[in-house]
Amino acid sequence: MRFSGFRVIKEALTGHKGWGKLWRNCTPQPAYDFIIVGGGGHGLATAYYLAKVFRKSRIAVLEKSWLGSGNIGRNTTIVRSNYLLPGNQPFYEFSMKLWENMEQDLNFNAMMSQRSIINLFHSDGQRDAYRRRGNAMHLSGAGGTLLSADELREIAPFLNFDNARFPIKGGLRQERAGTARHDGVAWGYARAADQLGVDLIQNCEVTGFRREAGKVVGVETSRGFIGAKKVGVAVAGSSSRVMAAAEMRLPMESHVLQAFVTEGLKPTLPGVITFGAGHFYVSQSDKGGLVFGGDIDGYNTYAQRGNLPVVEDVIEGGMALMPMLGRARLLRSWGGVMDMSMDGSPIIDKTGIEGLYFNGGWCYGGFKATPASGYVFAHLLATDTPHEVASAFRFDRFARGYVIDEKGVGAQPNLH
Amino acid sequence: MLIPHPLLGPRDAQEFTYLGDASLLNRPDPDAPNALEAFCDYVFLRDNPAGVHCELWFHEQGDRSWLVVTRNTLTHEILDVELATDVARRGT
Ligand SMILES: Cc1cc2nc3c(=O)[nH]c(=O)nc-3n(C[C@H](O)[C@H](O)[C@H](O)COP(=O)(O)OP(=O)(O)OC[C@H]3O[C@@H](n4cnc5c(N)ncnc54)[C@H](O)[C@@H]3O)c2cc1C
């Protein structure tokens, strides 16, 4: 079934009886060529690109719960390619280009909206840092504009420009950044992968990796053994848990990040805005709710809920930035468990075990990476060589001293 | 979360800063032949268990002591708290 304007009209006139299921609910086959562990955004995108771009078949995605039940369905949906370091920025720009064509490619409305992001700065030093970042963005073709405070006042007059402690001096805008419907991205990839013959298997938890002569031959699951020639793990916040079954210790801690949404309001925000003096980022959903978040709670956790001090801290940041936020009622808050890596950057690499591949360490920035992460992981699985934009995301970068530390805070995962 | 401080009684977790796995108390021997590898593991690799986890919390806005808190990372339940100096002296 293809979605189109014509189809919408036809269904409207015939009582919407023709819409089918978006994907088959598969039961596991005895064996596959490729098994992807984790039915989040990255796992589903990996399966899709394996089938579509690399023309592989006999692929399954194993998800312990329902598709999209993890962070892909919990994030604040910010998509941007405004990184600084050479190991990161080309990857995120590659991702941005895939976002720009994703809906046509998947024939699915993921509500990708390039409504821009503005990162505010509050001091001369911060302006210089953002100018440098802007230059790095231009080098990768991502674009970007440095805005003065006066230009910003035109765009976002409601900001607290004259905050005594952190006056707003301007901002770095990436026009091509924006937001997308998080669930829509998971569903879009799931449906497109399914149409290419990928088996999506839900309620199937991977509990171990079966090895023969040092090589992976399949996975143990809650639904029995499933054979595989190659296994790719993309389980985000559960990375350490899953890889422990292969006796691997990762450069990672799992932490909770909370997010918040207010009641629906009339259009007020021009795009995504981030506070440069605290940690606070906000956008407005298509339903009108202000969606925002801030720091992680800061301690190891696998509970998908946070604590109140961080709620207070995030909302204080919001009030300092845009006092009008105080008039809106908060509808909901929730949390997701993230794979915080030691340098704040991801790992997409082979493991020391033949046939076992890993994708993780996304911290709280992996939504924007979804298409590129899937593409380059599929590249690695299909060709056994890293894609050029992901060649820095290696396990051994820590031992070799090539960490990709955007924030420059060192091996302290709860600060990234 | 309330952390039952061994000297001060229950204190709000907000008064503390968090460092991470308490195994950080066991710094590798810099003179050992495998020191390079051992330090790399020490600095970067973590068990990151789902369940019982021993971890270092610093009472920054309190008596500035370091605590070893044993906590369940699935439920946030705190099972045990000791002064880190006691743990370090005991050598575990
Ligand atoms: C509150 C919040 C806000 C965020 N905001 C942003 C943002 O604005 N922009 C941005 O770019 N990123 C953001 N992120 C980060 C982003 O959501 C994640 O980095 C990204 O979704 C992780 O990749 P994923 O989609 O594959 O993960 P997930 O959706 O978590 O997928 C992993 C899947 O693996 C499954 N799994 C786990 N263990 C097993 C097992 N043993 N067997 C089988 N399956 C298993 C899980 O059930 C899960 O479905 C945010 C995250 C959170 C929590």
# chains A, B, ... in the order shown; residues from 1 in each chain; ligands from 1
call {"tool": "residues_around", "arguments": {"residues": "segment 28-42 of chain B", "least_positions_apart": "3", "cutoff": "9 Å", "atoms": "only C-alpha atoms", "output": "ChimeraX atom specification"}}
result
/A:251,398-399 /B:23-24,45-46
call {"tool": "write_last_selection", "arguments": {"atoms": "C-alpha atoms", "output": "short mmCIF file (atom, residue, chain, number, x, y, z; two decimals), in the first residue's frame"}}
result
data_model
loop_
_atom_site.label_atom_id
_atom_site.label_comp_id
_atom_site.auth_asym_id
_atom_site.auth_seq_id
_atom_site.Cartn_x
_atom_site.Cartn_y
_atom_site.Cartn_z
CA PRO A 251 32.86 2.85 27.82
CA PHE A 398 39.65 5.58 23.83
CA ALA A 399 42.81 3.49 24.11
CA SER B 23 35.43 0.66 41.71
CA LEU B 24 37.07 4.02 40.94
CA LEU B 45 35.18 1.10 30.95
CA ARG B 46 32.28 0.52 33.32
#
call {"tool": "interface_residues", "arguments": {"of": "chain A", "to": "chain B", "cutoff": "8 Å", "atoms": "only C-alpha atoms", "output": "PyMOL selection string"}}
result
chain A and resi 240-241+249-254+298-303+307+309+342+398-399+411-412
call {"tool": "residues_near_ligand", "arguments": {"ligand": "ligand 1", "cutoff": "7 Å", "atoms": "only C-alpha atoms and all ligand atoms", "output": "ChimeraX atom specification"}}
result
/A:37-43,62-79,204-207,234-238,242,256-259,293,334-338,362-370
call {"tool": "residues_around", "arguments": {"residues": "His279 of chain A", "least_positions_apart": "6", "cutoff": "8 Å", "atoms": "only C-alpha atoms", "output": "PyMOL selection string"}}
result
chain A and resi 294-295+314+317
call {"tool": "write_last_selection", "arguments": {"atoms": "all heavy atoms", "output": "short mmCIF file (atom, residue, chain, number, x, y, z; two decimals), in the first residue's frame"}}
result
data_model
loop_
_atom_site.label_atom_id
_atom_site.label_comp_id
_atom_site.auth_asym_id
_atom_site.auth_seq_id
_atom_site.Cartn_x
_atom_site.Cartn_y
_atom_site.Cartn_z
N GLY A 294 16.21 19.33 29.57
CA GLY A 294 17.46 19.92 30.03
C GLY A 294 18.49 18.85 30.28
O GLY A 294 18.75 18.02 29.42
N ASP A 295 19.02 18.85 31.48
CA ASP A 295 20.10 17.91 31.82
C ASP A 295 19.57 16.53 32.16
O ASP A 295 18.41 16.36 32.54
CB ASP A 295 20.84 18.43 33.06
CG ASP A 295 22.06 19.24 32.67
OD1 ASP A 295 22.68 18.90 31.66
OD2 ASP A 295 22.37 20.20 33.40
N VAL A 314 15.33 22.12 35.35
CA VAL A 314 14.98 22.36 33.94
C VAL A 314 14.02 23.54 33.85
O VAL A 314 14.18 24.45 33.02
CB VAL A 314 14.34 21.10 33.32
CG1 VAL A 314 13.76 21.40 31.95
CG2 VAL A 314 15.35 19.97 33.24
N GLY A 317 15.61 26.87 34.36
CA GLY A 317 16.30 27.29 33.14
C GLY A 317 15.31 27.90 32.15
O GLY A 317 15.56 28.95 31.56
#
call {"tool": "residues_around", "arguments": {"residues": "segment 60-65 of chain B", "least_positions_apart": "3", "cutoff": "8 Å", "atoms": "only C-alpha atoms", "output": "list in words"}}
result
Glu15, Phe16, Thr17, Leu83 and Ala84 of chain B
call {"tool": "residues_around", "arguments": {"residues": "Pro4 of chain B", "least_positions_apart": "5", "cutoff": "12 Å", "atoms": "only C-alpha atoms", "output": "JSON list (two decimals) with N, CA, C and O atoms, in the first residue's frame"}}
result
[["chain", "number", "residue", "atom", "x", "y", "z"],
["B", 9, "GLY", "N", 22.37, 11.28, 58.84],
["B", 9, "GLY", "CA", 21.00, 10.82, 58.64],
["B", 9, "GLY", "C", 20.55, 11.09, 57.22],
["B", 9, "GLY", "O", 21.36, 11.41, 56.35],
["B", 10, "PRO", "N", 19.24, 10.94, 56.96],
["B", 10, "PRO", "CA", 18.75, 11.06, 55.58],
["B", 10, "PRO", "C", 18.96, 12.46, 55.00],
["B", 10, "PRO", "O", 18.57, 13.45, 55.63],
["B", 11, "ARG", "N", 19.59, 12.52, 53.84],
["B", 11, "ARG", "CA", 19.83, 13.81, 53.19],
["B", 11, "ARG", "C", 19.32, 13.73, 51.75],
["B", 11, "ARG", "O", 19.42, 12.70, 51.09],
["B", 12, "ASP", "N", 18.81, 14.85, 51.25],
["B", 12, "ASP", "CA", 18.30, 14.93, 49.88],
["B", 12, "ASP", "C", 19.45, 14.70, 48.88],
["B", 12, "ASP", "O", 20.52, 15.32, 49.02],
["B", 13, "ALA", "N", 19.23, 13.86, 47.92],
["B", 13, "ALA", "CA", 20.28, 13.55, 46.93],
["B", 13, "ALA", "C", 20.77, 14.81, 46.21],
["B", 13, "ALA", "O", 21.88, 14.84, 45.68],
["B", 16, "PHE", "N", 24.17, 16.29, 46.88],
["B", 16, "PHE", "CA", 25.35, 15.51, 46.49],
["B", 16, "PHE", "C", 25.69, 15.71, 45.01],
["B", 16, "PHE", "O", 24.82, 16.03, 44.21],
["B", 57, "TRP", "N", 29.24, 9.03, 45.83],
["B", 57, "TRP", "CA", 28.51, 10.30, 45.89],
["B", 57, "TRP", "C", 29.30, 11.23, 46.82],
["B", 57, "TRP", "O", 29.77, 10.81, 47.88],
["B", 59, "HIS", "N", 29.24, 14.59, 49.16],
["B", 59, "HIS", "CA", 28.28, 15.46, 49.86],
["B", 59, "HIS", "C", 28.75, 16.92, 49.75],
["B", 59, "HIS", "O", 29.17, 17.54, 50.73],
["B", 67, "LEU", "N", 30.80, 9.27, 49.90],
["B", 67, "LEU", "CA", 30.08, 8.09, 50.36],
["B", 67, "LEU", "C", 30.11, 7.01, 49.29],
["B", 67, "LEU", "O", 30.15, 7.32, 48.09],
["B", 68, "VAL", "N", 30.09, 5.77, 49.74],
["B", 68, "VAL", "CA", 29.83, 4.67, 48.82],
["B", 68, "VAL", "C", 28.38, 4.24, 49.05],
["B", 68, "VAL", "O", 28.03, 3.76, 50.13],
["B", 69, "VAL", "N", 27.55, 4.49, 48.04],
["B", 69, "VAL", "CA", 26.13, 4.19, 48.14],
["B", 69, "VAL", "C", 25.85, 2.92, 47.32],
["B", 69, "VAL", "O", 26.25, 2.84, 46.16],
["B", 70, "THR", "N", 25.21, 1.94, 47.94],
["B", 70, "THR", "CA", 24.80, 0.75, 47.19],
["B", 70, "THR", "C", 23.32, 0.92, 46.85],
["B", 70, "THR", "O", 22.49, 1.06, 47.74],
["B", 71, "ARG", "N", 23.03, 0.95, 45.55],
["B", 71, "ARG", "CA", 21.71, 1.36, 45.10],
["B", 71, "ARG", "C", 21.27, 0.43, 43.97],
["B", 71, "ARG", "O", 22.09, -0.07, 43.22],
["B", 77, "GLU", "N", 16.17, 2.14, 44.76],
["B", 77, "GLU", "CA", 16.19, 1.81, 46.18],
["B", 77, "GLU", "C", 17.63, 1.80, 46.69],
["B", 77, "GLU", "O", 18.52, 1.23, 46.05],
["B", 78, "ILE", "N", 17.86, 2.46, 47.85],
["B", 78, "ILE", "CA", 19.20, 2.50, 48.41],
["B", 78, "ILE", "C", 19.35, 1.39, 49.45],
["B", 78, "ILE", "O", 18.55, 1.28, 50.39],
["B", 79, "LEU", "N", 20.35, 0.53, 49.24],
["B", 79, "LEU", "CA", 20.47, -0.67, 50.06],
["B", 79, "LEU", "C", 21.48, -0.49, 51.17],
["B", 79, "LEU", "O", 21.38, -1.13, 52.22],
["B", 80, "ASP", "N", 22.48, 0.36, 50.97],
["B", 80, "ASP", "CA", 23.54, 0.50, 51.96],
["B", 80, "ASP", "C", 24.31, 1.78, 51.69],
["B", 80, "ASP", "O", 24.46, 2.17, 50.53],
["B", 81, "VAL", "N", 24.81, 2.42, 52.77],
["B", 81, "VAL", "CA", 25.65, 3.61, 52.60],
["B", 81, "VAL", "C", 26.80, 3.53, 53.59],
["B", 81, "VAL", "O", 26.60, 3.22, 54.76],
["B", 82, "GLU", "N", 28.00, 3.80, 53.10],
["B", 82, "GLU", "CA", 29.18, 3.82, 53.98],
["B", 82, "GLU", "C", 30.03, 5.02, 53.61],
["B", 82, "GLU", "O", 29.99, 5.51, 52.48],
["B", 83, "LEU", "N", 30.85, 5.47, 54.57],
["B", 83, "LEU", "CA", 31.83, 6.50, 54.23],
["B", 83, "LEU", "C", 32.88, 5.86, 53.30],
["B", 83, "LEU", "O", 33.36, 4.76, 53.57]]
call {"tool": "closest_residue", "arguments": {"among": "B:His5, B:Asn26, B:Phe58, B:Val52", "to": "Arg89 of chain B", "atoms": "only C-alpha atoms"}}
result
B:Asn26
call {"tool": "atom_distance", "arguments": {"atom1": "atom CA of Ala136 of chain A", "atom2": "atom CA of Gly401 of chain A"}}
result
22.0 Å
call {"tool": "select_by_dssp", "arguments": {"residues": "segment 29-243 of chain A", "states": "helix (DSSP H, G or I)", "output": "ChimeraX atom specification"}}
result
/A:41-52,71-73,89-106,124-139,149-155,182-195,236-243
